[in-house]
$ cat input-v2.cif   # mmCIF, C-alpha atoms
data_run
loop_
_atom_site.group_PDB
_atom_site.id
_atom_site.type_symbol
_atom_site.label_atom_id
_atom_site.label_comp_id
_atom_site.auth_asym_id
_atom_site.auth_seq_id
_atom_site.Cartn_x
_atom_site.Cartn_y
_atom_site.Cartn_z
ATOM 1 C CA PRO C 1 0.000 0.000 0.000
ATOM 2 C CA TRP C 2 2.791 2.459 0.799
ATOM 3 C CA PHE C 3 4.408 1.910 -2.598
ATOM 4 C CA GLU C 4 1.095 2.455 -4.382
ATOM 5 C CA GLU C 5 0.340 5.623 -2.395
ATOM 6 C CA THR C 6 3.762 7.191 -2.833
ATOM 7 C CA ASN C 7 3.969 6.315 -6.528
ATOM 8 C CA PHE C 8 0.510 7.617 -7.428
ATOM 9 C CA GLY C 9 0.830 9.640 -10.580
ATOM 10 C CA ARG C 10 4.343 8.352 -11.314
ATOM 11 C CA GLU C 11 5.322 7.137 -14.740
ATOM 12 C CA VAL C 12 3.747 3.812 -15.671
ATOM 13 C CA LYS C 13 4.236 2.435 -19.176
ATOM 14 C CA VAL C 14 2.028 -0.147 -20.815
ATOM 15 C CA ASP C 15 3.588 -1.968 -23.751
ATOM 16 C CA SER C 16 1.442 -4.861 -24.997
ATOM 17 C CA ASN C 17 1.242 -7.193 -22.001
ATOM 18 C CA LYS C 18 3.993 -5.477 -19.943
ATOM 19 C CA VAL C 19 3.555 -2.919 -17.181
ATOM 20 C CA CYS C 20 6.694 -1.013 -16.150
ATOM 21 C CA THR C 21 6.841 1.048 -12.988
ATOM 22 C CA PHE C 22 9.648 3.436 -12.071
ATOM 23 C CA ILE C 23 11.225 2.130 -8.868
ATOM 24 C CA VAL C 24 12.633 4.788 -6.578
ATOM 25 C CA LYS C 25 15.948 3.842 -4.945
ATOM 26 C CA PRO C 26 17.038 6.813 -2.849
ATOM 27 C CA LYS C 27 20.519 6.947 -1.357
ATOM 28 C CA ILE C 28 22.488 9.776 0.226
ATOM 29 C CA ASP C 29 26.221 9.867 0.902
ATOM 30 C CA VAL C 30 28.124 12.287 3.121
ATOM 31 C CA GLU C 31 31.901 12.468 3.282
ATOM 32 C CA LYS C 32 34.050 14.576 5.559
ATOM 33 C CA THR C 33 37.749 15.331 5.123
ATOM 34 C CA GLY C 34 40.156 17.638 6.887
ATOM 35 C CA PRO C 35 43.685 17.879 8.224
ATOM 36 C CA VAL C 36 45.252 14.831 9.817
ATOM 37 C CA MET C 37 47.045 16.858 12.507
ATOM 38 C CA ALA C 38 46.426 20.136 14.317
ATOM 39 C CA LYS C 39 47.604 22.173 17.273
ATOM 40 C CA ILE C 40 45.628 24.111 19.836
ATOM 41 C CA GLY C 41 44.987 27.617 18.527
ATOM 42 C CA GLN C 42 45.192 26.562 14.876
ATOM 43 C CA THR C 43 42.318 27.169 12.447
ATOM 44 C CA ILE C 44 41.551 24.021 10.475
ATOM 45 C CA GLN C 45 39.160 23.488 7.596
ATOM 46 C CA TYR C 46 36.786 20.573 7.096
ATOM 47 C CA ASN C 47 35.305 19.718 3.693
ATOM 48 C CA ILE C 48 31.855 18.136 3.931
ATOM 49 C CA THR C 49 30.373 16.793 0.680
ATOM 50 C CA VAL C 50 26.812 15.496 0.320
ATOM 51 C CA THR C 51 25.977 13.406 -2.760
ATOM 52 C CA ASN C 52 22.698 11.985 -4.027
ATOM 53 C CA LYS C 53 23.686 8.451 -5.029
ATOM 54 C CA GLY C 54 20.114 7.381 -5.714
ATOM 55 C CA ASN C 55 17.877 7.692 -8.743
ATOM 56 C CA TYR C 56 15.416 10.308 -7.516
ATOM 57 C CA VAL C 57 15.474 13.821 -6.057
ATOM 58 C CA ILE C 58 16.294 14.051 -2.350
ATOM 59 C CA GLU C 59 14.751 17.069 -0.651
ATOM 60 C CA ASN C 60 14.915 18.760 2.748
ATOM 61 C CA ILE C 61 18.513 17.678 3.261
ATOM 62 C CA THR C 62 19.965 18.536 6.648
ATOM 63 C CA VAL C 63 23.709 18.294 7.262
ATOM 64 C CA SER C 64 25.031 18.570 10.799
ATOM 65 C CA ASP C 65 28.253 18.187 12.743
ATOM 66 C CA PRO C 66 27.386 19.131 16.333
ATOM 67 C CA MET C 67 30.964 18.982 17.683
ATOM 68 C CA ILE C 68 31.980 21.876 15.431
ATOM 69 C CA LYS C 69 28.561 23.541 15.665
ATOM 70 C CA PHE C 70 27.819 23.170 11.928
ATOM 71 C CA TYR C 71 24.221 22.907 10.669
ATOM 72 C CA ALA C 72 22.858 23.371 7.157
ATOM 73 C CA THR C 73 19.269 22.783 6.031
ATOM 74 C CA GLY C 74 17.043 23.122 2.996
ATOM 75 C CA LEU C 75 19.281 21.534 0.383
ATOM 76 C CA SER C 76 17.783 19.505 -2.503
ATOM 77 C CA LEU C 77 19.858 17.322 -4.825
ATOM 78 C CA GLY C 78 18.930 15.542 -8.025
ATOM 79 C CA PRO C 79 20.362 12.117 -8.878
ATOM 80 C CA GLY C 80 24.162 12.234 -9.061
ATOM 81 C CA MET C 81 24.375 15.814 -7.767
ATOM 82 C CA SER C 82 26.722 16.887 -4.959
ATOM 83 C CA TYR C 83 27.153 19.904 -2.741
ATOM 84 C CA SER C 84 30.198 20.780 -0.619
ATOM 85 C CA TYR C 85 30.612 22.893 2.483
ATOM 86 C CA LEU C 86 33.941 24.295 3.703
ATOM 87 C CA VAL C 87 33.847 24.748 7.466
ATOM 88 C CA ASP C 88 36.577 26.598 9.390
ATOM 89 C CA TRP C 89 37.113 25.594 12.997
ATOM 90 C CA VAL C 90 39.512 26.965 15.606
ATOM 91 C CA VAL C 91 41.024 24.123 17.631
ATOM 92 C CA ASN C 92 40.647 25.394 21.177
ATOM 93 C CA GLU C 93 41.834 23.873 24.420
ATOM 94 C CA ASP C 94 38.353 23.275 25.845
ATOM 95 C CA TRP C 95 37.257 21.402 22.699
ATOM 96 C CA VAL C 96 40.389 19.240 22.736
ATOM 97 C CA MET C 97 40.188 18.440 26.441
ATOM 98 C CA GLN C 98 36.510 17.515 26.134
ATOM 99 C CA TYR C 99 36.762 15.268 23.073
ATOM 100 C CA ILE C 100 40.317 13.910 22.815
ATOM 101 C CA ASN C 101 40.593 10.102 22.907
ATOM 102 C CA GLU C 102 43.359 7.818 24.182
ATOM 103 C CA ASP C 103 45.112 8.029 20.784
ATOM 104 C CA TYR C 104 45.346 11.846 21.053
ATOM 105 C CA LYS C 105 42.746 12.294 18.327
ATOM 106 C CA VAL C 106 39.538 14.271 18.202
ATOM 107 C CA CYS C 107 37.039 12.362 16.070
ATOM 108 C CA ASN C 108 33.758 13.909 15.090
ATOM 109 C CA MET C 109 30.898 12.739 12.951
ATOM 110 C CA VAL C 110 28.884 14.518 10.325
ATOM 111 C CA ASN C 111 25.453 13.266 9.328
ATOM 112 C CA ALA C 112 23.122 13.976 6.449
ATOM 113 C CA THR C 113 19.408 13.251 6.236
ATOM 114 C CA GLY C 114 16.874 13.914 3.513
ATOM 115 C CA ASP C 115 13.593 12.642 2.126
ATOM 116 C CA THR C 116 12.080 11.645 -1.174
ATOM 117 C CA PHE C 117 8.590 12.793 -2.255
ATOM 118 C CA ASN C 118 8.665 15.437 0.508
ATOM 119 C CA ASP C 119 6.421 13.225 2.647
ATOM 120 C CA LYS C 120 8.790 11.729 5.235
ATOM 121 C CA HIS C 121 7.965 8.179 4.100
ATOM 122 C CA CYS C 122 11.259 7.676 2.357
ATOM 123 C CA LEU C 123 14.017 9.039 4.580
ATOM 124 C CA VAL C 124 17.688 8.588 3.777
ATOM 125 C CA TYR C 125 20.575 8.939 6.202
ATOM 126 C CA ASP C 126 24.359 8.661 6.174
ATOM 127 C CA VAL C 127 27.239 9.471 8.536
ATOM 128 C CA ASP C 128 30.971 9.929 8.188
ATOM 129 C CA GLU C 129 33.723 10.477 10.727
ATOM 130 C CA TRP C 130 37.014 12.368 10.539
ATOM 131 C CA CYS C 131 39.766 12.256 13.144
ATOM 132 C CA VAL C 132 42.382 14.935 13.773
ATOM 133 C CA PHE C 133 45.543 13.991 15.646
ATOM 134 C CA ILE C 134 46.111 16.684 18.251
ATOM 135 C CA GLY C 135 49.471 15.493 19.469
ATOM 136 C CA GLU C 136 51.119 13.752 22.352
ATOM 137 C CA PRO C 137 51.850 15.557 25.565
ATOM 138 C CA HIS C 138 55.561 15.745 26.315
ATOM 139 C CA ILE C 139 57.605 17.077 29.180
ATOM 140 C CA THR C 140 61.352 17.651 29.541
ATOM 141 C CA ILE C 141 63.199 18.261 32.791
ATOM 142 C CA ILE C 142 66.713 19.648 33.054
ATOM 143 C CA LYS C 143 68.619 19.394 36.338
ATOM 144 C CA LYS C 144 71.688 21.560 36.838
ATOM 145 C CA GLY C 145 74.047 21.622 39.770
ATOM 146 C CA PRO C 146 77.744 21.656 40.614
ATOM 147 C CA ALA C 147 79.970 18.983 39.115
ATOM 148 C CA GLU C 148 81.785 18.514 42.460
ATOM 149 C CA ALA C 149 81.120 19.212 46.147
ATOM 150 C CA ALA C 150 82.948 18.657 49.403
ATOM 151 C CA PRO C 151 81.299 16.779 52.281
ATOM 152 C CA GLY C 152 79.090 19.142 54.314
ATOM 153 C CA GLU C 153 79.063 21.811 51.605
ATOM 154 C CA LEU C 154 75.706 23.420 50.787
ATOM 155 C CA ILE C 155 74.947 23.100 47.075
ATOM 156 C CA TRP C 156 72.091 24.294 44.886
ATOM 157 C CA TYR C 157 70.248 22.459 42.134
ATOM 158 C CA ASN C 158 68.211 24.130 39.419
ATOM 159 C CA PHE C 159 65.328 22.191 37.885
ATOM 160 C CA THR C 160 63.806 23.428 34.633
ATOM 161 C CA VAL C 161 60.557 21.798 33.559
ATOM 162 C CA ILE C 162 59.497 22.340 29.938
ATOM 163 C CA ASN C 163 56.203 21.421 28.326
ATOM 164 C CA ASP C 164 57.522 20.781 24.813
ATOM 165 C CA GLY C 165 54.404 18.974 23.653
ATOM 166 C CA ASN C 166 51.382 20.614 22.141
ATOM 167 C CA LEU C 167 48.846 19.938 24.894
ATOM 168 C CA PRO C 168 48.482 21.621 28.270
ATOM 169 C CA LEU C 169 49.807 19.650 31.230
ATOM 170 C CA TYR C 170 48.197 19.729 34.665
ATOM 171 C CA ASN C 171 49.327 18.574 38.112
ATOM 172 C CA VAL C 172 52.997 18.311 37.133
ATOM 173 C CA ASN C 173 55.103 17.027 40.056
ATOM 174 C CA VAL C 174 58.912 17.012 40.229
ATOM 175 C CA THR C 175 60.666 14.565 42.544
ATOM 176 C CA ASP C 176 64.302 13.581 42.994
ATOM 177 C CA ALA C 177 65.247 10.397 44.846
ATOM 178 C CA LEU C 178 68.685 11.825 45.725
ATOM 179 C CA LEU C 179 67.064 14.693 47.612
ATOM 180 C CA GLY C 180 64.919 12.381 49.710
ATOM 181 C CA ALA C 181 61.409 11.021 49.614
ATOM 182 C CA ASN C 182 59.923 14.159 51.176
ATOM 183 C CA TRP C 183 61.222 16.535 48.491
ATOM 184 C CA TYR C 184 58.870 17.348 45.662
ATOM 185 C CA HIS C 185 57.649 20.367 43.788
#
$ encode --input "input-v2.cif" --output "structure tokens"
Amino acid sequence: PWFEETNFGREVKVDSNKVCTFIVKPKIDVEKTGPVMAKIGQTIQYNITVTNKGNYVIENITVSDPMIKFYATGLSLGPGMSYSYLVDWVVNEDWVMQYINEDYKVCNMVNATGDTFNDKHCLVYDVDEWCVFIGEPHITIIKKGPAEAAPGELIWYNFTVINDGNLPLYNVNVTDALLGANWYH
């Protein structure tokens, strides 16, 4: 019944004893690409492409990527047609800290939905994911002090701690076994 209702008025050909009906096979495809690596503070650009891979018009297409606050609506595509969006995004510390995974990547998904016949009976949907490597945290410590000292002499050590990675580091503790278990900074 649904097929008959949604195809009412569609092309039907009668040729002698044959009846041919146009079969609608809707399909939508969304693809997202972008940089493979980024640093905090850098502006990156995502390319989101929506393609109608079916054989009928897809209407009311909505494309969204909530993690980068991207939403687009109202697009219609005929069979084989594509549309691309270029989306700039500033990689900020809060975004990275909220979404980074154990592989130091931020992966976010884009999705596209649309319908055929503008009646919500034939919805199409697709998703794609893109991951950006943010980088590994890294820390370097340099300890400087005298090369020699006499017994009982007071000596000074200088510790320099450097965050030479590209992520913020929190709760950094410096200890030195030679200075005793109670010494830390």
$ resolve_selection --input "input-v2.cif" --expression "the PyMOL selection byres ((chain C and resi 158-163) around 10)" --output "list in words"
Pro137, His138, Ile139, Thr140, Ile141, Ile142, Lys143, Lys144, Gly145, Pro146, Trp156, Tyr157, Asp164, Gly165, Asn166, Leu167, Pro168, Leu169, Val172, Asn173, Val174 and His185 of chain C
$ residues_around --input "input-v2.cif" --residues "C:Val124" --least-positions-apart "6" --cutoff "7 Å" --atoms "all atoms listed in the file" --output "JSON, numbers by chain"
{"C": [26, 27, 28, 113, 114, 115]}
$ residues_around --input "input-v2.cif" --residues "C:Thr73" --least-positions-apart "4" --cutoff "7 Å" --atoms "all atoms listed in the file" --output "MDAnalysis selection string"
chainID C and resid 60:63
$ residues_around --input "input-v2.cif" --residues "stretch 49-57 of chain C" --least-positions-apart "4" --cutoff "9 Å" --atoms "only C-alpha atoms" --output "PyMOL selection string"
chain C and resi 23-33+63+76-86+112+115-117
$ atom_distance --input "input-v2.cif" --atom1 "atom CA of C:Val127" --atom2 "atom CA of C:Gln98"
21.5 Å
$ closest_residue --input "input-v2.cif" --among "C:Cys107, C:Asn171, C:Glu153, C:Asn47" --to "C:Trp130" --atoms "all atoms listed in the file"
C:Cys107
$ closest_residue --input "input-v2.cif" --among "C:Met67, C:Val36, C:Leu75, C:Val110" --to "C:Ile48" --atoms "all atoms listed in the file"
C:Val110
$ decode --input "input-v2.cif" --residues "stretch 33-49 of chain C" --atoms "all heavy atoms" --output "short mmCIF file (atom, residue, chain, number, x, y, z; two decimals), in the first residue's frame"
data_model
loop_
_atom_site.label_atom_id
_atom_site.label_comp_id
_atom_site.auth_asym_id
_atom_site.auth_seq_id
_atom_site.Cartn_x
_atom_site.Cartn_y
_atom_site.Cartn_z
N THR C 33 36.29 15.39 5.13
CA THR C 33 37.75 15.33 5.12
C THR C 33 38.28 16.57 5.82
O THR C 33 37.55 17.56 6.01
CB THR C 33 38.32 15.26 3.69
OG1 THR C 33 37.89 16.41 2.96
CG2 THR C 33 37.89 13.99 2.98
N GLY C 34 39.53 16.51 6.21
CA GLY C 34 40.16 17.64 6.89
C GLY C 34 41.61 17.33 7.12
O GLY C 34 42.16 16.35 6.60
N PRO C 35 42.27 18.13 7.95
CA PRO C 35 43.68 17.88 8.22
C PRO C 35 43.84 16.63 9.09
O PRO C 35 42.94 16.25 9.82
CB PRO C 35 44.12 19.13 8.98
CG PRO C 35 42.87 19.61 9.64
CD PRO C 35 41.77 19.28 8.69
N VAL C 36 44.99 16.01 9.00
CA VAL C 36 45.25 14.83 9.82
C VAL C 36 45.87 15.20 11.16
O VAL C 36 45.85 14.41 12.09
CB VAL C 36 46.14 13.80 9.09
CG1 VAL C 36 45.41 13.22 7.89
CG2 VAL C 36 47.46 14.41 8.68
N MET C 37 46.43 16.42 11.26
CA MET C 37 47.04 16.86 12.51
C MET C 37 46.78 18.34 12.71
O MET C 37 46.71 19.10 11.76
CB MET C 37 48.54 16.59 12.48
CG MET C 37 49.23 16.91 13.77
SD MET C 37 50.95 16.41 13.70
CE MET C 37 51.52 17.00 15.27
N ALA C 38 46.64 18.73 13.99
CA ALA C 38 46.43 20.14 14.32
C ALA C 38 46.97 20.43 15.70
O ALA C 38 47.19 19.52 16.50
CB ALA C 38 44.94 20.46 14.26
N LYS C 39 47.16 21.71 15.96
CA LYS C 39 47.60 22.17 17.27
C LYS C 39 46.54 23.09 17.86
O LYS C 39 45.76 23.70 17.12
CB LYS C 39 48.91 22.95 17.15
CG LYS C 39 50.09 22.12 16.73
CD LYS C 39 51.37 22.93 16.87
CE LYS C 39 51.73 23.54 15.55
NZ LYS C 39 53.00 24.25 15.56
N ILE C 40 46.55 23.20 19.17
CA ILE C 40 45.63 24.11 19.84
C ILE C 40 45.92 25.53 19.36
O ILE C 40 47.07 25.94 19.26
CB ILE C 40 45.76 23.99 21.36
CG1 ILE C 40 45.24 22.62 21.81
CG2 ILE C 40 45.01 25.10 22.07
CD1 ILE C 40 45.44 22.32 23.27
N GLY C 41 44.86 26.26 19.03
CA GLY C 41 44.99 27.62 18.53
C GLY C 41 44.99 27.71 17.01
O GLY C 41 44.83 28.78 16.45
N GLN C 42 45.14 26.58 16.33
CA GLN C 42 45.19 26.56 14.88
C GLN C 42 43.78 26.55 14.30
O GLN C 42 42.88 25.92 14.83
CB GLN C 42 45.95 25.32 14.43
CG GLN C 42 46.07 25.15 12.94
CD GLN C 42 46.83 23.87 12.58
OE1 GLN C 42 47.29 23.12 13.43
NE2 GLN C 42 46.96 23.62 11.29
N THR C 43 43.58 27.25 13.18
CA THR C 43 42.32 27.17 12.45
C THR C 43 42.45 26.07 11.40
O THR C 43 43.38 26.10 10.59
CB THR C 43 41.98 28.51 11.77
OG1 THR C 43 41.86 29.52 12.77
CG2 THR C 43 40.68 28.41 10.99
N ILE C 44 41.54 25.11 11.45
CA ILE C 44 41.55 24.02 10.48
C ILE C 44 40.29 24.13 9.62
O ILE C 44 39.34 24.83 9.97
CB ILE C 44 41.64 22.64 11.16
CG1 ILE C 44 40.44 22.40 12.10
CG2 ILE C 44 42.95 22.49 11.91
CD1 ILE C 44 40.42 21.01 12.71
N GLN C 45 40.31 23.44 8.49
CA GLN C 45 39.16 23.49 7.60
C GLN C 45 38.71 22.07 7.27
O GLN C 45 39.50 21.21 6.87
CB GLN C 45 39.50 24.22 6.31
CG GLN C 45 38.29 24.50 5.45
CD GLN C 45 38.64 25.38 4.27
OE1 GLN C 45 39.30 24.94 3.35
NE2 GLN C 45 38.20 26.64 4.32
N TYR C 46 37.41 21.84 7.48
CA TYR C 46 36.79 20.57 7.10
C TYR C 46 36.07 20.77 5.77
O TYR C 46 35.50 21.83 5.50
CB TYR C 46 35.76 20.13 8.14
CG TYR C 46 36.34 19.68 9.45
CD1 TYR C 46 36.20 20.46 10.59
CD2 TYR C 46 37.02 18.48 9.56
CE1 TYR C 46 36.72 20.04 11.80
CE2 TYR C 46 37.53 18.05 10.76
CZ TYR C 46 37.38 18.84 11.88
OH TYR C 46 37.90 18.41 13.07
N ASN C 47 36.07 19.73 4.93
CA ASN C 47 35.31 19.72 3.69
C ASN C 47 34.24 18.65 3.85
O ASN C 47 34.56 17.48 4.03
CB ASN C 47 36.22 19.42 2.50
CG ASN C 47 35.47 19.46 1.19
OD1 ASN C 47 34.28 19.77 1.13
ND2 ASN C 47 36.15 19.11 0.12
N ILE C 48 32.98 19.06 3.80
CA ILE C 48 31.85 18.14 3.93
C ILE C 48 31.12 18.12 2.60
O ILE C 48 30.66 19.16 2.12
CB ILE C 48 30.91 18.59 5.07
CG1 ILE C 48 31.67 18.61 6.40
CG2 ILE C 48 29.69 17.69 5.14
CD1 ILE C 48 30.92 19.27 7.53
N THR C 49 31.02 16.93 1.99
CA THR C 49 30.37 16.79 0.68
C THR C 49 29.19 15.84 0.79
O THR C 49 29.33 14.72 1.29
CB THR C 49 31.36 16.27 -0.38
OG1 THR C 49 32.47 17.17 -0.47
CG2 THR C 49 30.70 16.15 -1.74
#
